[in-house]
>>> print(open('model35.cif').read())   # mmCIF, C-alpha atoms
data_entry
loop_
_atom_site.label_atom_id
_atom_site.label_comp_id
_atom_site.auth_asym_id
_atom_site.auth_seq_id
_atom_site.Cartn_x
_atom_site.Cartn_y
_atom_site.Cartn_z
CA SER A 1 -48.57 12.54 141.54
CA LYS A 2 -48.61 12.87 137.80
CA LEU A 3 -47.18 10.05 135.75
CA TRP A 4 -44.52 10.59 133.11
CA THR A 5 -43.50 8.68 129.97
CA SER A 6 -42.83 4.92 129.99
CA PRO A 7 -40.46 2.51 128.22
CA SER A 8 -42.83 2.08 125.29
CA SER A 9 -43.02 5.81 124.59
CA MET A 10 -39.42 6.57 125.62
CA SER A 11 -38.04 3.75 123.48
CA LEU A 12 -40.12 4.96 120.55
CA ARG A 13 -38.25 8.26 120.76
CA LEU A 14 -34.84 6.76 121.58
CA SER A 15 -34.96 4.31 118.70
CA GLY A 16 -35.78 6.93 116.09
CA LEU A 17 -38.27 6.19 113.34
CA ASN A 18 -37.41 4.18 110.22
CA GLU A 19 -39.27 4.31 106.92
CA GLN A 20 -41.69 1.57 107.98
CA ASP A 21 -42.68 3.63 111.00
CA VAL A 22 -44.03 6.56 109.00
CA ASP A 23 -47.53 5.12 108.59
CA ALA A 24 -47.51 3.60 112.06
CA GLU A 25 -46.67 6.99 113.59
CA LYS A 26 -50.09 8.19 112.49
CA LYS A 27 -51.64 5.55 114.78
CA VAL A 28 -49.93 6.88 117.91
CA GLU A 29 -52.40 8.53 120.27
CA PHE A 30 -51.03 11.34 122.41
CA LYS A 31 -52.81 11.60 125.75
CA SER A 32 -51.12 14.83 126.76
CA SER A 33 -51.75 18.26 125.23
CA ASN A 34 -49.04 19.90 127.33
CA PRO A 35 -46.59 21.47 124.83
CA LEU A 36 -43.67 21.09 127.26
CA GLU A 37 -44.31 17.36 127.65
CA LEU A 38 -44.64 16.94 123.88
CA ALA A 39 -41.41 18.84 123.34
CA ALA A 40 -39.63 16.61 125.85
CA TRP A 41 -40.98 13.50 124.11
CA TYR A 42 -39.69 14.63 120.73
CA GLY A 43 -36.43 15.77 122.29
CA VAL A 44 -35.72 12.22 123.41
CA GLU A 45 -36.37 11.06 119.85
CA ALA A 46 -33.46 13.19 118.67
CA PHE A 47 -31.12 11.28 121.01
CA GLY A 48 -32.38 8.04 119.56
CA LYS A 49 -31.78 9.07 115.97
CA VAL A 50 -28.18 10.03 116.72
CA PHE A 51 -27.53 6.91 118.76
CA ARG A 52 -29.16 4.61 116.20
CA GLN A 53 -26.61 5.57 113.57
CA SER A 54 -23.76 4.35 115.77
CA ASN A 55 -25.29 1.30 117.45
CA ASN A 56 -27.55 -1.14 115.64
CA GLY A 57 -26.58 -4.27 117.57
CA LYS A 58 -29.14 -6.73 118.94
CA ARG A 59 -28.97 -8.60 122.22
CA ASP A 60 -29.24 -12.36 122.32
CA SER A 61 -32.24 -13.96 123.98
CA SER A 62 -31.55 -15.61 127.28
CA ASN A 63 -31.80 -19.36 127.64
CA SER A 64 -35.00 -19.63 129.67
CA GLY A 65 -35.77 -23.30 129.04
CA VAL A 66 -39.08 -22.30 127.38
CA ASP A 67 -39.78 -22.66 123.66
CA LEU A 68 -40.01 -19.00 122.69
CA THR A 69 -40.64 -19.86 119.04
CA LYS A 70 -44.25 -20.81 119.81
CA PRO A 71 -47.09 -18.88 121.49
CA PRO A 72 -48.24 -20.09 124.91
CA THR A 73 -50.85 -22.85 125.01
CA SER A 74 -52.23 -22.31 128.51
CA MET A 75 -52.79 -19.55 131.03
CA LYS A 76 -50.25 -21.20 133.32
CA GLU A 77 -47.59 -21.04 130.59
CA THR A 78 -48.37 -17.39 129.82
CA LEU A 79 -48.02 -16.39 133.47
CA ALA A 80 -44.74 -18.30 133.72
CA ARG A 81 -43.40 -16.52 130.63
CA ILE A 82 -44.45 -13.09 131.92
CA GLN A 83 -42.56 -13.94 135.11
CA LEU A 84 -39.49 -14.96 133.09
CA ASP A 85 -39.56 -11.69 131.19
CA ASN A 86 -39.68 -9.78 134.47
CA ASP A 87 -36.90 -11.92 135.94
CA ARG A 88 -34.60 -10.69 133.17
CA TYR A 89 -36.00 -7.13 133.37
CA TYR A 90 -37.03 -7.14 129.71
CA PHE A 91 -37.83 -3.42 129.72
CA LEU A 92 -34.17 -2.67 130.46
CA SER A 93 -32.32 -5.55 128.81
CA GLY A 94 -34.35 -5.46 125.59
CA GLU A 95 -34.80 -9.25 125.84
CA VAL A 96 -38.53 -9.84 125.53
CA ASP A 97 -40.75 -12.86 124.80
CA ARG A 98 -42.40 -11.75 121.56
CA LEU A 99 -45.09 -14.41 121.34
CA ILE A 100 -46.74 -13.84 124.70
CA TYR A 101 -48.14 -10.68 123.13
CA ASP A 102 -51.03 -10.50 120.69
CA GLU A 103 -49.89 -9.11 117.34
CA ASP A 104 -52.21 -6.12 117.79
CA CYS A 105 -51.58 -5.70 121.53
CA VAL A 106 -52.22 -2.21 122.91
CA PHE A 107 -49.19 -0.60 124.58
CA ALA A 108 -50.15 2.43 126.65
CA ASP A 109 -49.24 4.81 129.42
CA PRO A 110 -50.76 8.11 130.59
CA PHE A 111 -48.80 9.93 127.86
CA VAL A 112 -49.09 7.88 124.67
CA SER A 113 -50.58 4.64 123.34
CA PHE A 114 -50.26 2.58 120.17
CA ASN A 115 -51.10 -0.85 118.77
CA GLY A 116 -48.53 -3.34 117.54
CA ARG A 117 -46.34 -5.97 119.16
CA ASP A 118 -43.47 -5.70 116.69
CA ARG A 119 -43.18 -1.96 117.02
CA PHE A 120 -43.01 -2.17 120.81
CA ILE A 121 -40.42 -4.94 120.80
CA ASP A 122 -38.19 -3.29 118.19
CA ASN A 123 -38.23 -0.02 120.09
CA LEU A 124 -37.63 -1.77 123.39
CA SER A 125 -34.61 -3.55 121.92
CA ASN A 126 -33.18 -0.23 120.78
CA LEU A 127 -33.76 1.24 124.23
CA GLY A 128 -31.94 -1.73 125.75
CA SER A 129 -28.86 -0.99 123.65
CA PHE A 130 -29.04 2.68 124.71
CA ILE A 131 -28.72 1.71 128.39
CA THR A 132 -25.16 1.21 129.64
CA ASN A 133 -25.97 0.10 133.19
CA TYR A 134 -29.02 -0.53 135.31
CA ASP A 135 -30.34 -1.73 138.63
CA ALA A 136 -33.89 -2.93 139.23
CA LYS A 137 -35.76 -4.29 142.24
CA MET A 138 -39.24 -5.83 142.10
CA ILE A 139 -41.40 -4.23 144.79
CA ASN A 140 -44.79 -5.69 143.82
CA TYR A 141 -45.93 -8.66 141.71
CA ASP A 142 -49.63 -9.52 141.81
CA VAL A 143 -51.70 -11.98 139.73
CA ASN A 144 -55.50 -12.01 140.02
CA ALA A 145 -57.46 -15.18 140.74
CA ASP A 146 -58.03 -16.34 137.15
CA GLY A 147 -54.67 -15.13 135.84
CA SER A 148 -56.18 -12.65 133.38
CA GLU A 149 -54.47 -9.64 134.97
CA VAL A 150 -50.93 -9.20 136.25
CA ASN A 151 -49.74 -6.05 138.02
CA THR A 152 -46.10 -5.33 138.69
CA LYS A 153 -44.07 -2.46 140.10
CA VAL A 154 -40.29 -2.19 139.90
CA MET A 155 -37.86 0.36 141.33
CA VAL A 156 -35.69 1.19 138.34
CA LYS A 157 -32.33 2.93 138.02
CA LEU A 158 -30.81 3.14 134.55
CA GLU A 159 -27.78 4.87 133.06
CA LEU A 160 -28.08 6.23 129.53
CA ASN A 161 -25.30 6.17 126.95
CA LEU A 162 -24.83 9.94 126.85
CA PRO A 163 -21.57 11.82 127.53
CA TRP A 164 -22.65 12.94 131.03
CA LYS A 165 -24.01 9.44 131.90
CA PRO A 166 -27.37 10.49 133.37
CA VAL A 167 -29.11 8.08 135.73
CA LEU A 168 -32.91 7.88 135.66
CA ALA A 169 -34.54 6.51 138.80
CA TRP A 170 -38.20 5.98 139.69
CA PRO A 171 -40.83 3.26 140.29
CA TRP A 172 -42.28 1.75 137.10
CA GLY A 173 -45.53 -0.18 136.98
CA VAL A 174 -47.16 -2.42 134.36
CA ARG A 175 -50.60 -4.00 134.07
CA TYR A 176 -50.82 -6.97 131.71
CA ASP A 177 -54.27 -8.09 130.48
CA VAL A 178 -54.30 -11.69 129.23
CA ASP A 179 -56.94 -13.11 126.86
CA PRO A 180 -58.22 -16.36 128.46
CA GLU A 181 -58.92 -17.85 125.02
CA THR A 182 -55.67 -17.08 123.18
CA PHE A 183 -53.47 -16.93 126.32
CA GLN A 184 -51.76 -13.84 124.90
CA VAL A 185 -51.33 -10.39 126.41
CA THR A 186 -53.73 -7.96 124.71
CA SER A 187 -52.95 -4.86 126.79
CA HIS A 188 -49.69 -3.67 128.35
CA VAL A 189 -50.37 -0.50 130.36
CA GLU A 190 -47.39 1.26 131.93
CA SER A 191 -46.91 4.02 134.49
CA TRP A 192 -44.00 5.99 135.91
CA ASP A 193 -44.51 7.50 139.36
CA ILE A 194 -42.74 10.80 138.73
CA GLU A 195 -43.52 14.40 137.93
CA PRO A 196 -42.89 15.13 134.22
CA TRP A 197 -40.21 17.76 134.65
CA GLU A 198 -38.35 15.74 137.27
CA GLY A 199 -37.97 13.05 134.62
CA VAL A 200 -36.72 15.60 132.11
CA ARG A 201 -34.22 17.01 134.60
CA GLN A 202 -32.83 13.53 135.25
CA ILE A 203 -32.01 13.16 131.55
CA PHE A 204 -30.14 16.44 131.28
CA ARG A 205 -28.29 16.63 134.59
CA LYS A 206 -25.38 14.74 136.08
CA PRO A 207 -26.51 11.75 138.16
CA THR A 208 -27.51 12.28 141.78
CA VAL A 209 -27.90 8.56 142.53
CA LYS A 210 -25.56 5.65 141.99
CA ILE A 211 -26.11 2.24 140.42
CA ARG A 212 -24.62 -0.59 142.39
CA GLN A 213 -22.11 -2.70 140.50
#
>>> encode(input="model35.cif", output="structure tokens")
Amino acid sequence: SKLWTSPSSMSLRLSGLNEQDVDAEKKVEFKSSNPLELAAWYGVEAFGKVFRQSNNGKRDSSNSGVDLTKPPTSMKETLARIQLDNDRYYFLSGEVDRLIYDEDCVFADPFVSFNGRDRFIDNLSNLGSFITNYDAKMINYDVNADGSEVNTKVMVKLELNLPWKPVLAWPWGVRYDVDPETFQVTSHVESWDIEPWEGVRQIFRKPTVKIRQ
């Protein structure tokens, strides 16, 4: 099945663009030429701009017992910190370990890609504040022999802060590529296992699934 937009691209739209994003926007590479998909992507941005004016709060980092003020110094530490991020469902909570990522890390999905750790994290934080409730279940977590590649898949349900409280639900996958010399993630490739218009319909319709409390 065709893959739809991911947290990196969705959060880019939901967060809205500030003045510092103007130049960075030129570096975004669109992988889809479908005008309906592009329209949907920019439509989500409009939600973000409205929401951003009313909610600029930041979430506090969780107490993981790891020094998040320093980059990792070994492959073992990097893998542990990727696991910690997934344990707190960073893509939904907005709480993410900034320094496990290379400053120029590539964030990509089948729809869009861009470079830049700070941009991804800022947008992800804004997406986290846009979510009012969520449920997530890890269904696959695989690390290759030398630790240079991690593949995950999570079943995600999330409720958006819109008047009709839509619930988005589908499996979400990520591949992390780790540099064995710097011990930082240099590529974060995402996928959503869903047809594009099914994802759009979930945003604009009343929820058909429930999130457990």
>>> resolve_selection(input="model35.cif", expression="the PyMOL selection byres ((chain A and resi 158) around 7)", output="PyMOL selection string")
chain A and resi 131+133-135+156-157+159-160+167-169
>>> residues_around(input="model35.cif", residues="Met155 in chain A", least_positions_apart="6", cutoff="6 Å", atoms="all atoms listed in the file", output="PyMOL selection string")
chain A and resi 136-137+170-171
>>> atom_distance(input="model35.cif", atom1="CA of Leu68 in chain A", atom2="CA of Tyr89 in chain A")
16.5 Å
>>> closest_residue(input="model35.cif", among="A:Val143, A:Ile211, A:Met138, A:Ile100", to="Thr73 in chain A", atoms="all atoms listed in the file")
A:Ile100
>>> closest_residue(input="model35.cif", among="A:Ile121, A:Met75, A:Val106, A:Ile82", to="Asp179 in chain A", atoms="all atoms listed in the file")
A:Met75
>>> closest_residue(input="model35.cif", among="A:Pro163, A:Asp102, A:Pro71, A:Gly65", to="Leu84 in chain A", atoms="all atoms listed in the file")
A:Gly65
>>> atom_distance(input="model35.cif", atom1="CA of Thr182 in chain A", atom2="CA of Val112 in chain A")
25.9 Å
>>> closest_residue(input="model35.cif", among="A:Arg212, A:Arg201, A:Lys70, A:Lys76", to="Phe183 in chain A", atoms="all atoms listed in the file")
A:Lys76
>>> resolve_selection(input="model35.cif", expression="the PyMOL selection byres ((chain A and resi 149) around 7)", output="VMD selection string")
chain A and resid 143 to 144 147 to 148 150 to 151 175 to 178
>>> residues_around(input="model35.cif", residues="Asp109 in chain A", least_positions_apart="2", cutoff="6 Å", atoms="all atoms listed in the file", output="list in words")
Phe111, Val112, Val189, Glu190 and Ser191 of chain A
>>> residues_around(input="model35.cif", residues="Asp67 in chain A", least_positions_apart="5", cutoff="12 Å", atoms="only C-alpha atoms", output="PyMOL selection string")
chain A and resi 61-62+72-73+77-78+81+97-100
>>> atom_distance(input="model35.cif", atom1="CA of Asn123 in chain A", atom2="CA of Tyr101 in chain A")
14.9 Å
>>> resolve_selection(input="model35.cif", expression="the PyMOL selection byres ((chain A and resi 105) around 9)", output="list in words")
Tyr101, Asp102, Glu103, Asp104, Val106, Phe107, Phe114, Asn115, Gly116, Arg117, Gln184, Val185, Thr186, Ser187 and His188 of chain A
>>> closest_residue(input="model35.cif", among="A:Pro180, A:Pro166, A:Gly199, A:Pro207", to="Phe130 in chain A", atoms="all atoms listed in the file")
A:Pro166
>>> decode(input="model35.cif", residues="range 76-121 of chain A", atoms="N, CA and C atoms", output="PDB file, in the first residue's frame")
ATOM      1  N   LYS A  76      26.680   1.793  22.259  1.00  0.00           N
ATOM      2  CA  LYS A  76      25.786   1.247  23.280  1.00  0.00           C
ATOM      3  C   LYS A  76      24.924   2.341  23.895  1.00  0.00           C
ATOM      4  N   GLU A  77      25.529   3.495  24.184  1.00  0.00           N
ATOM      5  CA  GLU A  77      24.765   4.605  24.768  1.00  0.00           C
ATOM      6  C   GLU A  77      23.730   5.139  23.784  1.00  0.00           C
ATOM      7  N   THR A  78      24.126   5.266  22.514  1.00  0.00           N
ATOM      8  CA  THR A  78      23.187   5.753  21.496  1.00  0.00           C
ATOM      9  C   THR A  78      21.971   4.843  21.401  1.00  0.00           C
ATOM     10  N   LEU A  79      22.199   3.546  21.339  1.00  0.00           N
ATOM     11  CA  LEU A  79      21.093   2.599  21.227  1.00  0.00           C
ATOM     12  C   LEU A  79      20.188   2.657  22.457  1.00  0.00           C
ATOM     13  N   ALA A  80      20.798   2.840  23.631  1.00  0.00           N
ATOM     14  CA  ALA A  80      20.009   2.963  24.856  1.00  0.00           C
ATOM     15  C   ALA A  80      19.145   4.218  24.823  1.00  0.00           C
ATOM     16  N   ARG A  81      19.696   5.307  24.275  1.00  0.00           N
ATOM     17  CA  ARG A  81      18.952   6.571  24.237  1.00  0.00           C
ATOM     18  C   ARG A  81      17.855   6.559  23.173  1.00  0.00           C
ATOM     19  N   ILE A  82      18.092   5.863  22.061  1.00  0.00           N
ATOM     20  CA  ILE A  82      17.019   5.668  21.080  1.00  0.00           C
ATOM     21  C   ILE A  82      15.877   4.875  21.722  1.00  0.00           C
ATOM     22  N   GLN A  83      16.229   3.854  22.490  1.00  0.00           N
ATOM     23  CA  GLN A  83      15.216   3.055  23.188  1.00  0.00           C
ATOM     24  C   GLN A  83      14.434   3.910  24.176  1.00  0.00           C
ATOM     25  N   LEU A  84      15.122   4.776  24.914  1.00  0.00           N
ATOM     26  CA  LEU A  84      14.448   5.653  25.871  1.00  0.00           C
ATOM     27  C   LEU A  84      13.479   6.594  25.170  1.00  0.00           C
ATOM     28  N   ASP A  85      13.896   7.138  24.042  1.00  0.00           N
ATOM     29  CA  ASP A  85      12.998   8.004  23.279  1.00  0.00           C
ATOM     30  C   ASP A  85      11.738   7.246  22.867  1.00  0.00           C
ATOM     31  N   ASN A  86      11.916   6.011  22.415  1.00  0.00           N
ATOM     32  CA  ASN A  86      10.758   5.220  22.002  1.00  0.00           C
ATOM     33  C   ASN A  86       9.900   4.815  23.185  1.00  0.00           C
ATOM     34  N   ASP A  87      10.527   4.594  24.340  1.00  0.00           N
ATOM     35  CA  ASP A  87       9.754   4.254  25.538  1.00  0.00           C
ATOM     36  C   ASP A  87       8.800   5.370  25.926  1.00  0.00           C
ATOM     37  N   ARG A  88       9.192   6.620  25.668  1.00  0.00           N
ATOM     38  CA  ARG A  88       8.305   7.746  25.998  1.00  0.00           C
ATOM     39  C   ARG A  88       7.562   8.259  24.763  1.00  0.00           C
ATOM     40  N   TYR A  89       7.604   7.465  23.667  1.00  0.00           N
ATOM     41  CA  TYR A  89       6.881   7.790  22.443  1.00  0.00           C
ATOM     42  C   TYR A  89       7.106   9.248  22.042  1.00  0.00           C
ATOM     43  N   TYR A  90       8.389   9.559  21.797  1.00  0.00           N
ATOM     44  CA  TYR A  90       8.806  10.930  21.521  1.00  0.00           C
ATOM     45  C   TYR A  90       8.043  11.584  20.379  1.00  0.00           C
ATOM     46  N   PHE A  91       7.622  10.807  19.403  1.00  0.00           N
ATOM     47  CA  PHE A  91       6.937  11.354  18.233  1.00  0.00           C
ATOM     48  C   PHE A  91       5.521  11.809  18.558  1.00  0.00           C
ATOM     49  N   LEU A  92       5.008  11.409  19.726  1.00  0.00           N
ATOM     50  CA  LEU A  92       3.693  11.851  20.179  1.00  0.00           C
ATOM     51  C   LEU A  92       3.786  12.821  21.350  1.00  0.00           C
ATOM     52  N   SER A  93       4.727  12.568  22.267  1.00  0.00           N
ATOM     53  CA  SER A  93       4.850  13.419  23.450  1.00  0.00           C
ATOM     54  C   SER A  93       5.601  14.710  23.164  1.00  0.00           C
ATOM     55  N   GLY A  94       6.414  14.722  22.096  1.00  0.00           N
ATOM     56  CA  GLY A  94       7.250  15.884  21.809  1.00  0.00           C
ATOM     57  C   GLY A  94       8.518  15.916  22.626  1.00  0.00           C
ATOM     58  N   GLU A  95       8.733  14.917  23.491  1.00  0.00           N
ATOM     59  CA  GLU A  95       9.933  14.846  24.330  1.00  0.00           C
ATOM     60  C   GLU A  95      10.970  14.002  23.607  1.00  0.00           C
ATOM     61  N   VAL A  96      12.010  14.647  23.094  1.00  0.00           N
ATOM     62  CA  VAL A  96      12.974  13.957  22.244  1.00  0.00           C
ATOM     63  C   VAL A  96      14.394  14.300  22.674  1.00  0.00           C
ATOM     64  N   ASP A  97      15.273  13.313  22.580  1.00  0.00           N
ATOM     65  CA  ASP A  97      16.690  13.468  22.935  1.00  0.00           C
ATOM     66  C   ASP A  97      17.408  14.150  21.767  1.00  0.00           C
ATOM     67  N   ARG A  98      17.637  15.432  21.891  1.00  0.00           N
ATOM     68  CA  ARG A  98      18.182  16.247  20.802  1.00  0.00           C
ATOM     69  C   ARG A  98      19.558  15.773  20.342  1.00  0.00           C
ATOM     70  N   LEU A  99      20.417  15.419  21.286  1.00  0.00           N
ATOM     71  CA  LEU A  99      21.820  15.212  20.956  1.00  0.00           C
ATOM     72  C   LEU A  99      22.156  13.816  20.442  1.00  0.00           C
ATOM     73  N   ILE A 100      21.170  12.937  20.330  1.00  0.00           N
ATOM     74  CA  ILE A 100      21.466  11.674  19.641  1.00  0.00           C
ATOM     75  C   ILE A 100      21.444  11.879  18.130  1.00  0.00           C
ATOM     76  N   TYR A 101      20.961  13.031  17.681  1.00  0.00           N
ATOM     77  CA  TYR A 101      20.887  13.309  16.258  1.00  0.00           C
ATOM     78  C   TYR A 101      22.008  14.232  15.805  1.00  0.00           C
ATOM     79  N   ASP A 102      22.595  13.918  14.667  1.00  0.00           N
ATOM     80  CA  ASP A 102      23.552  14.811  14.037  1.00  0.00           C
ATOM     81  C   ASP A 102      22.855  16.125  13.686  1.00  0.00           C
ATOM     82  N   GLU A 103      23.587  17.229  13.809  1.00  0.00           N
ATOM     83  CA  GLU A 103      22.986  18.543  13.559  1.00  0.00           C
ATOM     84  C   GLU A 103      22.378  18.641  12.166  1.00  0.00           C
ATOM     85  N   ASP A 104      22.957  17.935  11.203  1.00  0.00           N
ATOM     86  CA  ASP A 104      22.481  17.983   9.820  1.00  0.00           C
ATOM     87  C   ASP A 104      21.784  16.684   9.435  1.00  0.00           C
ATOM     88  N   CYS A 105      21.224  15.994  10.411  1.00  0.00           N
ATOM     89  CA  CYS A 105      20.536  14.724  10.169  1.00  0.00           C
ATOM     90  C   CYS A 105      19.447  14.886   9.100  1.00  0.00           C
ATOM     91  N   VAL A 106      19.298  13.869   8.268  1.00  0.00           N
ATOM     92  CA  VAL A 106      18.250  13.857   7.250  1.00  0.00           C
ATOM     93  C   VAL A 106      16.988  13.231   7.841  1.00  0.00           C
ATOM     94  N   PHE A 107      15.877  13.940   7.756  1.00  0.00           N
ATOM     95  CA  PHE A 107      14.579  13.438   8.196  1.00  0.00           C
ATOM     96  C   PHE A 107      13.715  13.266   6.951  1.00  0.00           C
ATOM     97  N   ALA A 108      13.250  12.046   6.726  1.00  0.00           N
ATOM     98  CA  ALA A 108      12.587  11.758   5.453  1.00  0.00           C
ATOM     99  C   ALA A 108      11.453  10.774   5.611  1.00  0.00           C
ATOM    100  N   ASP A 109      10.541  10.825   4.656  1.00  0.00           N
ATOM    101  CA  ASP A 109       9.492   9.841   4.481  1.00  0.00           C
ATOM    102  C   ASP A 109       9.183   9.803   2.987  1.00  0.00           C
ATOM    103  N   PRO A 110       8.270   8.956   2.538  1.00  0.00           N
ATOM    104  CA  PRO A 110       8.007   8.890   1.098  1.00  0.00           C
ATOM    105  C   PRO A 110       7.422  10.176   0.520  1.00  0.00           C
ATOM    106  N   PHE A 111       7.047  11.136   1.363  1.00  0.00           N
ATOM    107  CA  PHE A 111       6.381  12.344   0.889  1.00  0.00           C
ATOM    108  C   PHE A 111       7.292  13.562   0.872  1.00  0.00           C
ATOM    109  N   VAL A 112       8.147  13.697   1.884  1.00  0.00           N
ATOM    110  CA  VAL A 112       8.973  14.900   2.010  1.00  0.00           C
ATOM    111  C   VAL A 112      10.241  14.548   2.768  1.00  0.00           C
ATOM    112  N   SER A 113      11.304  15.329   2.540  1.00  0.00           N
ATOM    113  CA  SER A 113      12.532  15.152   3.316  1.00  0.00           C
ATOM    114  C   SER A 113      13.203  16.502   3.510  1.00  0.00           C
ATOM    115  N   PHE A 114      13.954  16.634   4.596  1.00  0.00           N
ATOM    116  CA  PHE A 114      14.710  17.856   4.855  1.00  0.00           C
ATOM    117  C   PHE A 114      15.860  17.539   5.792  1.00  0.00           C
ATOM    118  N   ASN A 115      16.836  18.434   5.826  1.00  0.00           N
ATOM    119  CA  ASN A 115      17.973  18.321   6.733  1.00  0.00           C
ATOM    120  C   ASN A 115      17.778  19.261   7.910  1.00  0.00           C
ATOM    121  N   GLY A 116      18.240  18.853   9.089  1.00  0.00           N
ATOM    122  CA  GLY A 116      18.247  19.771  10.216  1.00  0.00           C
ATOM    123  C   GLY A 116      17.574  19.244  11.460  1.00  0.00           C
ATOM    124  N   ARG A 117      18.401  18.917  12.458  1.00  0.00           N
ATOM    125  CA  ARG A 117      17.915  18.401  13.734  1.00  0.00           C
ATOM    126  C   ARG A 117      16.981  19.379  14.437  1.00  0.00           C
ATOM    127  N   ASP A 118      17.371  20.642  14.514  1.00  0.00           N
ATOM    128  CA  ASP A 118      16.591  21.601  15.296  1.00  0.00           C
ATOM    129  C   ASP A 118      15.214  21.822  14.700  1.00  0.00           C
ATOM    130  N   ARG A 119      15.147  21.849  13.388  1.00  0.00           N
ATOM    131  CA  ARG A 119      13.854  22.036  12.748  1.00  0.00           C
ATOM    132  C   ARG A 119      12.914  20.878  13.065  1.00  0.00           C
ATOM    133  N   PHE A 120      13.425  19.662  12.968  1.00  0.00           N
ATOM    134  CA  PHE A 120      12.618  18.487  13.262  1.00  0.00           C
ATOM    135  C   PHE A 120      12.118  18.511  14.704  1.00  0.00           C
ATOM    136  N   ILE A 121      13.009  18.797  15.634  1.00  0.00           N
ATOM    137  CA  ILE A 121      12.652  18.746  17.049  1.00  0.00           C
ATOM    138  C   ILE A 121      11.667  19.847  17.414  1.00  0.00           C
TER     139      ILE A 121
END
